[in-house]
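Down below is the structure, laid out as structure tokens.
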Amino acid sequence: MEDFTFDFPSYTIGKDAYKKVDEICSLYGKKAIVIGGKRAISKAKPYLERDLKKISIIKYHVFQGEASFEACDEILGLKELSEADMIFGLGGGKAIDTAKEVQIKTGKPLFTFPTIAATCAASTKIAITYYKTGESRTTLKMTRPPIHVFINTEIITNAPSVYFYAGIGDTLGKHYEVSFSCRGRELDYLNSLALQLAPMSAEPLIKYGFKAYNDLKNKNNTYEVSQIILDIIISTGYVSILIDHKYNTALAHAIYYGLTLQDVIKEKHLHGEVVSYGVLVQLVLDHKYSGEISEEEIKKVFDFNKSIKLPTCLKDLDLEGCDLKASITKAKNNSGLEVVPYKISEEMIEDAINILEKYNKEGCL
Ligand SMILES: [Zn+2]
């Protein structure tokens, strides 16, 4: 076996998480450049100014727009970047992904400071890039993930709850999609580890998600909110780092990509929201065609979605009566369905959608 190194990001979570920055980052130097969204910087700056004594932030670069090559080039031209010992990526996925692009180009150590809990971008080593127009471009890979993730729960609790809502929906997919894709396969060490960890992204959601979402809406920084933040940013990120790309998504995300053909989805619905509906379609399909998923499991996820108003039927996505043929074809051809336990046809997807509609009305499969 060839020599192999694997890196996980470590993390600090809490209302005073930034108090750990000095201790952890001073091993890498004294000067940092922040790359962050405007709102994120305005929220985080008072904490950074209060808590950092050994590390000086020599520039707050306000990132706007898309995580594009152009946004990265603009930062590469900054003299403060060449002076900085390290990069702090601050904000949501796009700002952090831009900081990752800069890390890839410069090799400087990257630390992340998520200010919303909507995705696992803060802990993974991939940067999803876009054209300036918003169209997706390519996915870049860092040689190692960010060194440490600083999660300030006070900032995240005070962010708009819609990010948290979408984060919960997207995270729900991780366990169900990974375990579906991996079923019956001979897995190597890292993929086996990912599979063991995957339930950690669904179980806390079902257990704490309802209370956490309501606490966050009321700006209460509670234990349950922290558990869900960890779930969205850390558990899901760790599974993503460990898992082979081909096992990372399955039907839930394929349904999402298929439904993006519908204007109403692009205009009115969030990625994570649609993925959580896709999870239900996947479970219903798997229940019918393999028997591996029990009706109780479907009910558990269905009730959870209902409890926080995540979609469970086409009406919830404003798709009742819409022609879904093209969407189903696109879903069927999605790369997430290349590695699944059995061949999935368009008829099977349509069937699962219809069974789920019936389940919504009658409460039985
Ligand atoms: Zn997703």
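In the structure tokens, the first chain shown is A, the next is B, and so on; residue numbers restart at 1 for each chain, and ligands run from 1 in the order shown.
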
Produce as a ChimeraX atom specification the set of residues near ligand 1, where near means within 8 Å with only C-alpha atoms and all ligand atoms considered. /A:119,170-171,173,253,271-272,275

Using N, CA, C and O atoms, can you export the residues from the last selection as a CSV table (one decimal), in the first residue's frame?
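Now in again-v9.csv:
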```
chain,number,residue,atom,x,y,z
A,119,THR,N,-24.9,24.8,4.9
A,119,THR,CA,-24.2,23.8,4.2
A,119,THR,C,-22.9,23.3,5.0
A,119,THR,O,-22.6,24.0,6.0
A,170,ASP,N,-31.2,19.8,3.6
A,170,ASP,CA,-30.1,19.2,2.8
A,170,ASP,C,-29.4,18.1,3.6
A,170,ASP,O,-29.0,17.0,3.0
A,171,THR,N,-29.2,18.3,4.9
A,171,THR,CA,-28.5,17.4,5.7
A,171,THR,C,-29.2,16.1,5.8
A,171,THR,O,-28.6,15.0,6.0
A,173,GLY,N,-30.6,14.5,3.7
A,173,GLY,CA,-30.2,13.6,2.5
A,173,GLY,C,-29.0,12.7,2.8
A,173,GLY,O,-28.9,11.6,2.3
A,253,HIS,N,-31.0,13.9,-4.2
A,253,HIS,CA,-30.4,15.0,-5.0
A,253,HIS,C,-30.7,15.0,-6.5
A,253,HIS,O,-30.9,16.0,-7.1
A,271,HIS,N,-32.6,24.8,-2.2
A,271,HIS,CA,-32.0,23.5,-2.5
A,271,HIS,C,-32.4,22.5,-1.4
A,271,HIS,O,-32.9,21.4,-1.7
A,272,GLY,N,-32.1,22.8,-0.2
A,272,GLY,CA,-32.3,21.9,0.9
A,272,GLY,C,-33.7,21.4,1.1
A,272,GLY,O,-34.0,20.3,1.5
A,275,VAL,N,-34.4,18.9,-1.6
A,275,VAL,CA,-33.7,17.7,-1.3
A,275,VAL,C,-34.5,16.9,-0.2
A,275,VAL,O,-34.6,15.6,-0.3
```

Report the residues of range 131-283 of chain A whose backbone DSSP state falls under alpha helix (DSSP H), written as a VMD selection string. chain A and resid 153 to 157 161 to 182 189 to 197 199 to 217 223 to 230 236 to 242 251 to 259 263 to 268 271 to 283

Store the residues picked out above, limited to C-alpha atoms, as a compact mmCIF listing (two decimals), in the first residue's frame.
```txt
# COMPACT_ATOMS: atom_id res chain seq x y z
CA THR A 153 -23.21 29.86 17.89
CA GLU A 154 -24.33 33.35 18.88
CA ILE A 155 -23.78 34.68 15.35
CA ILE A 156 -25.47 31.67 13.73
CA THR A 157 -28.45 31.83 16.11
CA SER A 161 -33.74 31.14 10.07
CA VAL A 162 -34.25 30.32 6.39
CA TYR A 163 -30.59 29.25 6.07
CA PHE A 164 -30.97 26.87 8.97
CA TYR A 165 -34.20 25.48 7.50
CA ALA A 166 -32.49 24.79 4.17
CA GLY A 167 -29.46 23.34 5.96
CA ILE A 168 -31.65 20.88 7.84
CA GLY A 169 -33.35 19.75 4.61
CA ASP A 170 -30.08 19.19 2.77
CA THR A 171 -28.46 17.39 5.72
CA LEU A 172 -31.36 14.95 5.91
CA GLY A 173 -30.24 13.58 2.53
CA LYS A 174 -26.73 12.65 3.58
CA HIS A 175 -27.44 9.52 5.59
CA TYR A 176 -30.18 8.16 3.35
CA GLU A 177 -28.31 8.79 0.11
CA VAL A 178 -24.92 7.52 1.27
CA SER A 179 -26.35 4.35 2.79
CA PHE A 180 -28.44 3.72 -0.35
CA SER A 181 -25.46 4.17 -2.69
CA CYS A 182 -23.15 2.04 -0.55
CA TYR A 189 -11.49 1.86 5.00
CA LEU A 190 -12.51 5.50 4.44
CA ASN A 191 -15.81 4.65 2.76
CA SER A 192 -16.67 2.22 5.58
CA LEU A 193 -15.90 4.96 8.09
CA ALA A 194 -18.18 7.36 6.20
CA LEU A 195 -20.98 4.80 6.17
CA GLN A 196 -20.68 4.34 9.95
CA LEU A 197 -20.77 8.09 10.46
CA PRO A 199 -26.51 8.11 10.54
CA MET A 200 -25.02 10.94 12.64
CA SER A 201 -26.37 13.33 10.05
CA ALA A 202 -30.00 12.12 10.23
CA GLU A 203 -30.59 10.98 13.83
CA PRO A 204 -29.91 14.31 15.59
CA LEU A 205 -32.14 16.06 13.04
CA ILE A 206 -35.11 13.87 13.90
CA LYS A 207 -34.35 14.14 17.62
CA TYR A 208 -33.53 17.85 17.99
CA GLY A 209 -34.49 19.44 14.67
CA PHE A 210 -37.97 20.64 15.60
CA LYS A 211 -36.91 22.31 18.85
CA ALA A 212 -33.69 23.65 17.35
CA TYR A 213 -35.48 25.26 14.43
CA ASN A 214 -38.02 26.94 16.69
CA ASP A 215 -35.30 28.03 19.13
CA LEU A 216 -33.29 29.57 16.31
CA LYS A 217 -36.38 31.36 14.97
CA TYR A 223 -28.11 23.03 23.28
CA GLU A 224 -30.41 21.73 20.52
CA VAL A 225 -29.37 24.54 18.15
CA SER A 226 -25.72 23.59 18.72
CA GLN A 227 -26.45 19.93 18.02
CA ILE A 228 -28.04 20.76 14.68
CA ILE A 229 -25.29 23.22 13.73
CA LEU A 230 -22.75 20.43 14.39
CA THR A 236 -22.10 16.11 7.06
CA GLY A 237 -18.71 17.63 6.26
CA TYR A 238 -16.85 14.68 7.74
CA VAL A 239 -18.95 12.20 5.74
CA SER A 240 -18.29 14.23 2.58
CA ILE A 241 -14.54 14.28 3.22
CA LEU A 242 -14.45 10.52 3.81
CA LEU A 251 -32.07 9.83 -5.67
CA ALA A 252 -32.84 12.70 -3.25
CA HIS A 253 -30.39 15.03 -4.98
CA ALA A 254 -31.28 13.61 -8.42
CA ILE A 255 -34.89 14.64 -7.74
CA TYR A 256 -33.68 18.11 -6.82
CA TYR A 257 -31.67 18.49 -10.04
CA GLY A 258 -34.60 17.20 -12.07
CA LEU A 259 -37.03 19.62 -10.46
CA ASP A 263 -39.38 27.65 -12.93
CA VAL A 264 -41.29 27.68 -9.65
CA ILE A 265 -38.54 25.64 -8.01
CA LYS A 266 -35.83 28.03 -9.16
CA GLU A 267 -37.86 31.04 -8.12
CA LYS A 268 -39.48 30.01 -4.87
CA HIS A 271 -32.01 23.54 -2.48
CA GLY A 272 -32.29 21.86 0.92
CA GLU A 273 -36.05 22.12 0.94
CA VAL A 274 -36.34 20.22 -2.36
CA VAL A 275 -33.73 17.66 -1.28
CA SER A 276 -35.79 16.84 1.82
CA TYR A 277 -38.75 16.06 -0.47
CA GLY A 278 -36.40 13.97 -2.62
CA VAL A 279 -35.46 11.95 0.47
CA LEU A 280 -39.11 10.94 0.88
CA VAL A 281 -39.40 9.96 -2.79
CA GLN A 282 -36.23 7.86 -2.45
CA LEU A 283 -37.49 6.13 0.70
```

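Candidate residues A:Glu101, A:Asp286, A:Asp3, A:Glu70 were compared for distance to Ile344 in chain A, and the nearest is A:Asp286, using only C-alpha atoms.
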
Excluding same-chain residues fewer than 6 positions from range 8-17 of chain A, what lies within 7 Å of it counting only C-alpha atoms, as a ChimeraX atom specification? /A:123,145-154

Check the smallest atom-to-atom distance from each of A:Ile41, A:Leu319, A:Ile33, A:Ile55 to Ala84 in chain A using only C-alpha atoms, then report the winner. A:Ile33

Run DSSP on the backbone and give me the residues of range 1-162 of chain A it puts in strand (DSSP E), as a ChimeraX atom specification. /A:10-14,31-37,56-63,86-91,110-114,126-130,136-141,148-152

May I ask which of the residues A:Gln262, A:Ile96, A:Ser345, A:Leu310 is the closest one to Ala326 in chain A, counting only C-alpha atoms? A:Gln262

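You will find CA of Glu357 in chain A at 8.3 Å from CA of Thr312 in chain A.
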
Gap from CA of Lys19 in chain A to CA of Leu90 in chain A - Å, one decimal: 15.7 Å
